[in-house]
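> Have a look at this one before I ask anything.
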Amino acid sequence: MIIISLVGDIGSGKTYISKLFKVPCFSADLEVIKLYKTSKKCFRALKKKFPKFIKSFPIKKEELNQVINKNFSNLKKIGSIVHPLIRKRFNRFIKENYKSKMVVLDIPLYLENKLNKKKDIIIFLKTKKKDVNKRLKKRKNFNVRLLNILKKSQFSLKYKKNKCDYILINNYNSVIMKKRVNILKRKVLNDRNSS
């Protein structure tokens with residue numbers, strides 16, 4: 001099985017691009033949303049750690065945003081509770097899809113959490129900063145301060161780019177991106193088969 005991980009800036013289009021591969025995809029963000037809606041274990045742990053903010057089940061994203069806005073170091077505390085639970089779901093995804101030719105990982109902190117293995121293929125999504133900013137501002141709960149806090153928890157784009165095997169330029173044009181992803185997918189398969 002070929003494991004592809006997409007890395008890049010917040011808002012670079014990792015989730016959209018992951019769907020274009022048309023293979024099983026693990027989206028950490030979607031798994032976190034499911035976790036907040038369904039995991040009483042996660043709720044109890046977060047409520048115990050932040051009783052003034054976490055009020056009721058299911059966990060509300062706004063409450064977590066308040067926790068992070070109160071103190072940047074709370075992001076790591078939330079991560080210490082959430083990441084192990086997401087890692088279990090990730091491991092289950094890999095086991096369930098072991099017969100697949102290829103899977104795609106959409107995990108924002110993939111490199112930061114040292115999830116990468118030697119044979120994994122890392123694709124860096126290169127985007128124009130102005131395009132990313134324009135897209136981020138369109139998001140429902142856009143918060144500049146929170147965005148800057150999240151960016152501080154990530155490796156630099158230069159570091160991510162240096163770690164990658166391929167670079168995919170995302171211009172946010174769906175017709176062009178479908179073609180680019182199909183070309184890259186064939187290249188990855190050919191390169192892996194020839195090595």
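We name chains A, B, ... following the order of the structure tokens; residues begin at 1 in each chain, and ligands are numbered from 1 as shown.
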Determine, for each residue of region 27-80 of chain A having at least one atom at most 8 Å from an atom of region 102-107 of chain A, the closest pair of atoms and their separation in Å to one decimal, counting only C-alpha atoms; order by chain and ascending number, as JSON lines.

{"residue": "A:Ser27", "atom": "CA", "partner": "A:Asp106", "partner_atom": "CA", "distance": 4.7}
{"residue": "A:Ala28", "atom": "CA", "partner": "A:Ile107", "partner_atom": "CA", "distance": 5.0}
{"residue": "A:Asp29", "atom": "CA", "partner": "A:Ile107", "partner_atom": "CA", "distance": 7.3}
> At a cut-off of 12 Å, using only C-alpha atoms, what residues contact Ser80 (chain A)? Leave out same-chain residues fewer than 3 positions from it and give the result as a list in words.
Cys42, Ala45, Leu46, Lys49, Ser73, Asn74, Leu75, Lys76, Lys77, His83, Pro84, Leu85, Ile86, Arg87 and Asn113 of chain A
> What's the 10 Å shell around Lys119 (chain A), counting only C-alpha atoms, without same-chain residues fewer than 2 positions away, as a PDB file with N, CA and C atoms, in the first residue's frame?

ATOM      1  N   MET A   1       0.838  -1.184   0.000  1.00  0.00           N
ATOM      2  CA  MET A   1       0.000   0.000   0.000  1.00  0.00           C
ATOM      3  C   MET A   1       0.881   1.244   0.000  1.00  0.00           C
ATOM      4  N   ILE A   2       0.519   2.188  -0.861  1.00  0.00           N
ATOM      5  CA  ILE A   2       1.232   3.463  -0.902  1.00  0.00           C
ATOM      6  C   ILE A   2       0.477   4.441  -0.014  1.00  0.00           C
ATOM      7  N   ILE A   3       1.201   5.032   0.930  1.00  0.00           N
ATOM      8  CA  ILE A   3       0.605   6.028   1.819  1.00  0.00           C
ATOM      9  C   ILE A   3       1.091   7.401   1.375  1.00  0.00           C
ATOM     10  N   ILE A   4       0.119   8.239   1.002  1.00  0.00           N
ATOM     11  CA  ILE A   4       0.423   9.601   0.578  1.00  0.00           C
ATOM     12  C   ILE A   4      -0.070  10.553   1.638  1.00  0.00           C
ATOM     13  N   ASN A 116       5.088  10.344  10.020  1.00  0.00           N
ATOM     14  CA  ASN A 116       5.658   9.908   8.753  1.00  0.00           C
ATOM     15  C   ASN A 116       6.612   8.734   8.926  1.00  0.00           C
ATOM     16  N   LYS A 117       6.466   7.800   7.988  1.00  0.00           N
ATOM     17  CA  LYS A 117       7.353   6.641   7.924  1.00  0.00           C
ATOM     18  C   LYS A 117       8.208   6.782   6.663  1.00  0.00           C
ATOM     19  N   ILE A 121       4.841   8.736   1.038  1.00  0.00           N
ATOM     20  CA  ILE A 121       5.044   9.757   0.013  1.00  0.00           C
ATOM     21  C   ILE A 121       4.454  11.060   0.556  1.00  0.00           C
ATOM     22  N   ILE A 122       5.269  12.098   0.605  1.00  0.00           N
ATOM     23  CA  ILE A 122       4.804  13.397   1.106  1.00  0.00           C
ATOM     24  C   ILE A 122       4.679  14.348  -0.079  1.00  0.00           C
ATOM     25  N   ARG A 192       6.866   4.305  -7.825  1.00  0.00           N
ATOM     26  CA  ARG A 192       6.901   3.243  -6.799  1.00  0.00           C
ATOM     27  C   ARG A 192       7.109   1.885  -7.444  1.00  0.00           C
TER      28      ARG A 192
END
> In terms of the shortest atom-to-atom distance over only C-alpha atoms, which of A:Val144, A:Val23, A:Ile149, A:Ile78 is closest to Lys61 (chain A)?
A:Ile78
> Going by DSSP on the backbone, which residues of region 139-187 of chain A come out as strand (DSSP E)? List them as a PDB file with C-alpha atoms, in the first residue's frame.

ATOM      1  CA  TYR A 166       6.566  15.894  -4.772  1.00  0.00           C
ATOM      2  CA  ILE A 167       5.218  19.424  -5.072  1.00  0.00           C
ATOM      3  CA  LEU A 168       1.691  20.041  -6.333  1.00  0.00           C
ATOM      4  CA  ILE A 169       0.816  23.608  -7.252  1.00  0.00           C
TER       5      ILE A 169
END
> Out of region 106-152 of chain A, which residues get helix (DSSP H, G or I) from DSSP, as number ranges by chain?
A: 129-137, 144-152
